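Chemist: Here you go, this is my_file.pdb (PDB, C-alpha atoms, pLDDT in the B column).
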```pdb
MODEL        1
ATOM      1  CA  MET A   1      11.038  22.353   2.222  1.00 80.00           C
ATOM      2  CA  THR A   2       8.595  19.662   1.110  1.00 83.00           C
ATOM      3  CA  THR A   3       6.753  19.789  -2.193  1.00 90.00           C
ATOM      4  CA  THR A   4       3.838  17.552  -3.078  1.00 90.00           C
ATOM      5  CA  ILE A   5       3.768  16.048  -6.548  1.00 90.00           C
ATOM      6  CA  VAL A   6       0.671  14.436  -7.987  1.00 90.00           C
ATOM      7  CA  GLY A   7       1.142  11.671 -10.535  1.00 92.00           C
ATOM      8  CA  ARG A   8      -1.175   9.419 -12.489  1.00 95.00           C
ATOM      9  CA  VAL A   9      -1.402   5.658 -12.374  1.00 97.00           C
ATOM     10  CA  ILE A  10      -1.332   4.491 -15.999  1.00 98.00           C
ATOM     11  CA  GLY A  11      -1.903   0.809 -15.295  1.00 98.00           C
ATOM     12  CA  TRP A  12      -1.482  -2.120 -12.935  1.00 98.00           C
ATOM     13  CA  LEU A  13       0.665  -5.213 -12.946  1.00 98.00           C
ATOM     14  CA  ARG A  14      -1.098  -8.588 -12.788  1.00 97.00           C
ATOM     15  CA  SER A  15       1.301 -11.108 -11.318  1.00 95.00           C
ATOM     16  CA  ASP A  16       1.286 -14.594  -9.834  1.00 93.00           C
ATOM     17  CA  LEU A  17       3.099 -13.045  -6.849  1.00 89.00           C
ATOM     18  CA  HIS A  18       0.512 -12.091  -4.227  1.00 92.00           C
ATOM     19  CA  SER A  19       2.632 -10.981  -1.274  1.00 85.00           C
ATOM     20  CA  THR A  20       5.932  -9.216  -0.803  1.00 80.00           C
ATOM     21  CA  ALA A  21       7.171 -12.303   1.071  1.00 79.00           C
ATOM     22  CA  ASP A  22       6.790 -14.303  -2.171  1.00 80.00           C
ATOM     23  CA  ALA A  23       8.630 -11.766  -4.336  1.00 75.00           C
ATOM     24  CA  PRO A  24      12.346 -12.018  -5.087  1.00 64.00           C
ATOM     25  CA  LYS A  25      14.433  -8.944  -4.320  1.00 68.00           C
ATOM     26  CA  GLN A  26      15.225  -8.341  -8.024  1.00 75.00           C
ATOM     27  CA  GLY A  27      13.708  -9.502 -11.284  1.00 74.00           C
ATOM     28  CA  ASP A  28      16.734 -11.569 -12.284  1.00 76.00           C
ATOM     29  CA  GLU A  29      16.470 -13.608  -9.072  1.00 69.00           C
ATOM     30  CA  GLY A  30      13.667 -15.889 -10.222  1.00 77.00           C
ATOM     31  CA  ALA A  31      10.816 -13.413 -10.800  1.00 86.00           C
ATOM     32  CA  PRO A  32       7.990 -14.448 -13.131  1.00 91.00           C
ATOM     33  CA  ASP A  33       6.548 -12.578 -16.084  1.00 96.00           C
ATOM     34  CA  ALA A  34       3.416 -10.483 -15.504  1.00 97.00           C
ATOM     35  CA  TRP A  35       0.740  -8.682 -17.485  1.00 98.00           C
ATOM     36  CA  LEU A  36       0.763  -4.905 -17.427  1.00 98.00           C
ATOM     37  CA  ASP A  37      -2.845  -3.773 -17.893  1.00 98.00           C
ATOM     38  CA  LEU A  38      -2.980  -0.187 -19.155  1.00 97.00           C
ATOM     39  CA  ALA A  39      -5.788   2.202 -18.313  1.00 97.00           C
ATOM     40  CA  PRO A  40      -7.792   3.008 -21.491  1.00 97.00           C
ATOM     41  CA  ASP A  41      -6.534   6.608 -21.694  1.00 97.00           C
ATOM     42  CA  TYR A  42      -2.922   5.417 -22.156  1.00 97.00           C
ATOM     43  CA  VAL A  43      -3.224   2.561 -24.677  1.00 97.00           C
ATOM     44  CA  GLU A  44      -2.076   4.780 -27.591  1.00 96.00           C
ATOM     45  CA  GLY A  45       1.234   5.178 -25.760  1.00 96.00           C
ATOM     46  CA  LEU A  46       2.093   1.582 -26.713  1.00 96.00           C
ATOM     47  CA  ALA A  47       2.405   2.490 -30.407  1.00 96.00           C
ATOM     48  CA  GLY A  48       5.828   1.302 -31.545  1.00 95.00           C
ATOM     49  CA  VAL A  49       6.397  -1.125 -28.660  1.00 96.00           C
ATOM     50  CA  ARG A  50       7.190  -4.624 -29.961  1.00 96.00           C
ATOM     51  CA  PRO A  51       7.863  -8.077 -28.493  1.00 97.00           C
ATOM     52  CA  GLY A  52      11.556  -8.330 -27.665  1.00 97.00           C
ATOM     53  CA  ASP A  53      11.857  -4.642 -26.725  1.00 97.00           C
ATOM     54  CA  SER A  54      13.569  -3.816 -23.457  1.00 97.00           C
ATOM     55  CA  LEU A  55      11.509  -1.443 -21.303  1.00 97.00           C
ATOM     56  CA  VAL A  56      11.908   0.291 -17.971  1.00 97.00           C
ATOM     57  CA  ILE A  57       8.734   0.125 -15.887  1.00 97.00           C
ATOM     58  CA  LEU A  58       8.335   2.648 -13.049  1.00 97.00           C
ATOM     59  CA  THR A  59       6.006   1.435 -10.305  1.00 97.00           C
ATOM     60  CA  TRP A  60       4.633   2.668  -7.009  1.00 96.00           C
ATOM     61  CA  LEU A  61       5.551   0.078  -4.385  1.00 94.00           C
ATOM     62  CA  HIS A  62       2.237   0.492  -2.588  1.00 93.00           C
ATOM     63  CA  GLU A  63       2.994  -1.883   0.300  1.00 88.00           C
ATOM     64  CA  ALA A  64       6.378  -0.364   1.161  1.00 90.00           C
ATOM     65  CA  ARG A  65       6.961   1.696   4.287  1.00 89.00           C
ATOM     66  CA  ARG A  66       7.564   5.404   3.748  1.00 89.00           C
ATOM     67  CA  ASP A  67       9.080   6.250   7.130  1.00 93.00           C
ATOM     68  CA  VAL A  68      12.349   4.327   6.712  1.00 90.00           C
ATOM     69  CA  LEU A  69      15.657   6.097   6.054  1.00 94.00           C
ATOM     70  CA  LYS A  70      18.179   3.392   7.045  1.00 94.00           C
ATOM     71  CA  VAL A  71      18.134  -0.347   6.354  1.00 91.00           C
ATOM     72  CA  HIS A  72      20.295  -3.434   6.447  1.00 92.00           C
ATOM     73  CA  PRO A  73      21.010  -4.016   2.715  1.00 87.00           C
ATOM     74  CA  ARG A  74      18.871  -6.835   1.309  1.00 81.00           C
ATOM     75  CA  GLY A  75      17.335  -7.277   4.779  1.00 81.00           C
ATOM     76  CA  ASP A  76      20.533  -8.956   6.014  1.00 85.00           C
ATOM     77  CA  ALA A  77      21.045  -7.994   9.673  1.00 89.00           C
ATOM     78  CA  ASP A  78      24.707  -9.069   9.394  1.00 92.00           C
ATOM     79  CA  GLN A  79      25.346  -6.144   7.037  1.00 91.00           C
ATOM     80  CA  PRO A  80      25.795  -2.667   8.527  1.00 94.00           C
ATOM     81  CA  MET A  81      22.932  -0.203   8.189  1.00 94.00           C
ATOM     82  CA  LYS A  82      22.976   2.096   5.160  1.00 93.00           C
ATOM     83  CA  GLY A  83      20.816   5.002   4.108  1.00 93.00           C
ATOM     84  CA  VAL A  84      17.997   3.916   1.780  1.00 93.00           C
ATOM     85  CA  PHE A  85      19.411   6.116  -0.987  1.00 93.00           C
ATOM     86  CA  ALA A  86      22.504   3.857  -1.003  1.00 92.00           C
ATOM     87  CA  THR A  87      20.347   0.728  -1.456  1.00 90.00           C
ATOM     88  CA  ARG A  88      17.598  -0.750  -3.632  1.00 84.00           C
ATOM     89  CA  SER A  89      15.274  -1.107  -0.632  1.00 87.00           C
ATOM     90  CA  PRO A  90      11.574  -0.663  -1.469  1.00 87.00           C
ATOM     91  CA  HIS A  91      11.101   1.101   1.877  1.00 88.00           C
ATOM     92  CA  ARG A  92      11.810   4.803   1.316  1.00 89.00           C
ATOM     93  CA  PRO A  93      10.031   8.180   1.331  1.00 92.00           C
ATOM     94  CA  ASN A  94       8.842   7.722  -2.276  1.00 92.00           C
ATOM     95  CA  PRO A  95       8.716   3.982  -2.961  1.00 94.00           C
ATOM     96  CA  ILE A  96       9.252   4.104  -6.709  1.00 95.00           C
ATOM     97  CA  GLY A  97      10.241   0.792  -8.263  1.00 95.00           C
ATOM     98  CA  ILE A  98      12.464   0.625 -11.357  1.00 95.00           C
ATOM     99  CA  HIS A  99      12.242  -2.585 -13.360  1.00 95.00           C
ATOM    100  CA  GLU A 100      14.036  -3.365 -16.614  1.00 95.00           C
ATOM    101  CA  VAL A 101      11.985  -5.986 -18.452  1.00 97.00           C
ATOM    102  CA  LEU A 102      11.545  -7.573 -21.847  1.00 97.00           C
ATOM    103  CA  VAL A 103       8.276  -7.355 -23.754  1.00 98.00           C
ATOM    104  CA  ARG A 104       7.058 -10.923 -24.221  1.00 98.00           C
ATOM    105  CA  ALA A 105       3.681 -10.242 -25.889  1.00 98.00           C
ATOM    106  CA  LEU A 106       1.278  -7.409 -26.691  1.00 97.00           C
ATOM    107  CA  GLU A 107      -2.487  -7.321 -26.729  1.00 94.00           C
ATOM    108  CA  HIS A 108      -4.677  -4.279 -27.297  1.00 90.00           C
ATOM    109  CA  ASP A 109      -4.526  -2.774 -23.805  1.00 94.00           C
ATOM    110  CA  ARG A 110      -1.883  -4.855 -22.080  1.00 96.00           C
ATOM    111  CA  ILE A 111       1.624  -6.165 -22.449  1.00 98.00           C
ATOM    112  CA  ARG A 112       3.307  -9.257 -21.060  1.00 98.00           C
ATOM    113  CA  VAL A 113       6.646  -8.271 -19.501  1.00 98.00           C
ATOM    114  CA  GLY A 114       9.284  -9.956 -17.455  1.00 96.00           C
ATOM    115  CA  PRO A 115      10.908 -10.937 -15.438  1.00 96.00           C
ATOM    116  CA  ILE A 116       9.416  -8.557 -12.863  1.00 96.00           C
ATOM    117  CA  GLU A 117       9.404  -8.909  -9.086  1.00 92.00           C
ATOM    118  CA  THR A 118       6.280  -6.866  -8.342  1.00 93.00           C
ATOM    119  CA  ILE A 119       3.218  -8.244  -6.624  1.00 94.00           C
ATOM    120  CA  ASP A 120      -0.245  -8.430  -8.134  1.00 96.00           C
ATOM    121  CA  GLY A 121      -1.980  -5.042  -8.241  1.00 97.00           C
ATOM    122  CA  THR A 122       1.178  -2.907  -8.195  1.00 96.00           C
ATOM    123  CA  PRO A 123       0.403   0.502  -9.765  1.00 98.00           C
ATOM    124  CA  VAL A 124       2.427   1.517 -12.824  1.00 98.00           C
ATOM    125  CA  LEU A 125       3.557   5.153 -13.073  1.00 98.00           C
ATOM    126  CA  ASP A 126       5.363   5.110 -16.419  1.00 98.00           C
ATOM    127  CA  ILE A 127       6.885   2.989 -19.154  1.00 98.00           C
ATOM    128  CA  LYS A 128      10.062   3.965 -20.989  1.00 97.00           C
ATOM    129  CA  ILE A 129      12.133   2.269 -23.646  1.00 95.00           C
ATOM    130  CA  SER A 130      15.455   1.235 -22.092  1.00 92.00           C
ATOM    131  CA  LEU A 131      18.514   3.344 -22.851  1.00 81.00           C
ATOM    132  CA  GLY A 132      19.844   0.663 -25.147  1.00 71.00           C
ATOM    133  CA  GLY A 133      16.598   0.646 -27.133  1.00 57.00           C
ATOM    134  CA  ALA A 134      16.083   4.371 -27.718  1.00 51.00           C
TER     135      ALA A 134
ENDMDL
END
```
For the file at hand, write its structure as structure tokens.

Modeler:
Amino acid sequence: MTTTIVGRVIGWLRSDLHSTADAPKQGDEGAPDAWLDLAPDYVEGLAGVRPGDSLVILTWLHEARRDVLKVHPRGDADQPMKGVFATRSPHRPNPIGIHEVLVRALEHDRIRVGPIETIDGTPVLDIKISLGGA
């Protein structure tokens, strides 16, 4: 059985990374900081967020393939194939990215976060305080 879920994009990431080929596999592998521009309807949701906070950003990896169920981990053909649910591959039925970042700066409708390995224009689905910061 397949169910369709409709979500809302609450913002977009503005990054110096412009292609997936330029992006590291994980944020702690040399990713830059980026601006998260919030849509006007969601700016109030930033109340209480401060520089230095640790957040979890959920993104929609809009350039990922959705028809992949097995991959070589980290794209390394020398590793045996695994199911995507046993990997961090962006290619999966629902390409949701999970990124733990630090808040570097806040402006009215945007926050500087990093490090984050997303490319410019990546849609943001949600922002949550990290488990350690609740």

Chemist: Care to translate the PyMOL selection byres ((chain A and resi 67-70) around 6) into actual residues of this file, as a short mmCIF file (atom, residue, chain, number, x, y, z; two decimals) with C-alpha atoms, keeping the file's coordinate frame?

Modeler:
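New file part05.cif:
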```cif
data_model
loop_
_atom_site.label_atom_id
_atom_site.label_comp_id
_atom_site.auth_asym_id
_atom_site.auth_seq_id
_atom_site.Cartn_x
_atom_site.Cartn_y
_atom_site.Cartn_z
CA ARG A 65 6.96 1.70 4.29
CA ARG A 66 7.56 5.40 3.75
CA VAL A 71 18.13 -0.35 6.35
CA LYS A 82 22.98 2.10 5.16
CA GLY A 83 20.82 5.00 4.11
CA VAL A 84 18.00 3.92 1.78
CA HIS A 91 11.10 1.10 1.88
CA ARG A 92 11.81 4.80 1.32
#
```

Chemist: Figure out the distance between atom CA of Leu102 of chain A and atom CA of Pro51 of chain A, please, to one decimal in Å.

Modeler: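 Answer for the atom CA of Pro51 of chain A to atom CA of Leu102 of chain A separation: 7.6 Å.
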
Chemist: What are the closest atom pairs, with distances in Å to one decimal, for each residue of segment 22-74 of chain A lying within 12 Å of segment 103-110 of chain A, using only C-alpha atoms, rows by chain and rising residue number, as a Markdown table?

Modeler:
```
| residue | atom | partner | partner_atom | distance |
| --- | --- | --- | --- | --- |
| A:Pro32 | CA | A:Arg104 | CA | 11.7 |
| A:Asp33 | CA | A:Arg104 | CA | 8.3 |
| A:Ala34 | CA | A:Arg104 | CA | 9.5 |
| A:Trp35 | CA | A:Arg110 | CA | 6.5 |
| A:Leu36 | CA | A:Arg110 | CA | 5.4 |
| A:Asp37 | CA | A:Arg110 | CA | 4.4 |
| A:Leu38 | CA | A:Asp109 | CA | 5.5 |
| A:Ala39 | CA | A:Asp109 | CA | 7.5 |
| A:Pro40 | CA | A:Asp109 | CA | 7.0 |
| A:Asp41 | CA | A:Asp109 | CA | 9.8 |
| A:Tyr42 | CA | A:Asp109 | CA | 8.5 |
| A:Val43 | CA | A:Asp109 | CA | 5.6 |
| A:Glu44 | CA | A:Asp109 | CA | 8.8 |
| A:Gly45 | CA | A:Asp109 | CA | 10.0 |
| A:Leu46 | CA | A:Asp109 | CA | 8.4 |
| A:Ala47 | CA | A:His108 | CA | 10.3 |
| A:Gly48 | CA | A:Leu106 | CA | 11.0 |
| A:Val49 | CA | A:Val103 | CA | 8.1 |
| A:Arg50 | CA | A:Val103 | CA | 6.9 |
| A:Pro51 | CA | A:Val103 | CA | 4.8 |
| A:Gly52 | CA | A:Val103 | CA | 5.2 |
| A:Asp53 | CA | A:Val103 | CA | 5.4 |
| A:Ser54 | CA | A:Val103 | CA | 6.4 |
| A:Leu55 | CA | A:Val103 | CA | 7.2 |
| A:Val56 | CA | A:Val103 | CA | 10.3 |
| A:Ile57 | CA | A:Val103 | CA | 10.9 |
```

Chemist: Ranking A:Ala86, A:Val9, A:Val101, A:Leu61 by minimum distance to Asp28 of chain A and counting only C-alpha atoms, which one comes first?

Modeler: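 The shortest atom-to-atom distance to Asp28 of chain A comes from A:Val101.
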
Chemist: Rounded to one decimal in Å, what is the spacing between atom CA of Leu13 of chain A and atom CA of Arg112 of chain A?

Modeler: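 Here the two named atoms are 9.4 Å from each other.
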
Chemist: Quick one: of A:Leu125, A:Leu58, A:Ile111, A:Ala23, who's nearest to Arg8 of chain A, counting only C-alpha atoms?

Modeler: A:Leu125

Chemist: To one decimal place, how far is atom CA of Gly27 of chain A from atom CA of Arg88 of chain A in Å?

Modeler: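 Distance reported for this atom pair: 12.3 Å.
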
Chemist: Draw an axis-aligned box over all listed atoms of segment 105-116 of chain A, pad each side with 6 Å, and write its centre and edge lengths in Å, one decimal, as JSON.

Modeler:
```
{"center_x": 3.1, "center_y": -6.9, "center_z": -20.1, "size_x": 27.6, "size_y": 20.2, "size_z": 26.4}
```

Chemist: Select, from A:Val113, A:Ile10, A:Ile129, A:Ala64, the residue with the minimum atom-to-atom distance to Gly97 of chain A, counting only C-alpha atoms.

Modeler: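 Result for the nearest residue to Gly97 of chain A: A:Ala64.
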
Chemist: Can you list, as a CSV table (one decimal) with C-alpha atoms, in the frame of the given file, every protein, DNA or RNA residue that comes within 9 Å of Gly30 of chain A when you count only C-alpha atoms, leaving out same-chain residues fewer than 6 positions away?

Modeler:
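As a result, out.csv now contains:
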```csv
chain,number,residue,atom,x,y,z
A,23,ALA,CA,8.6,-11.8,-4.3
A,24,PRO,CA,12.3,-12.0,-5.1
A,115,PRO,CA,10.9,-10.9,-15.4
A,116,ILE,CA,9.4,-8.6,-12.9
A,117,GLU,CA,9.4,-8.9,-9.1
```
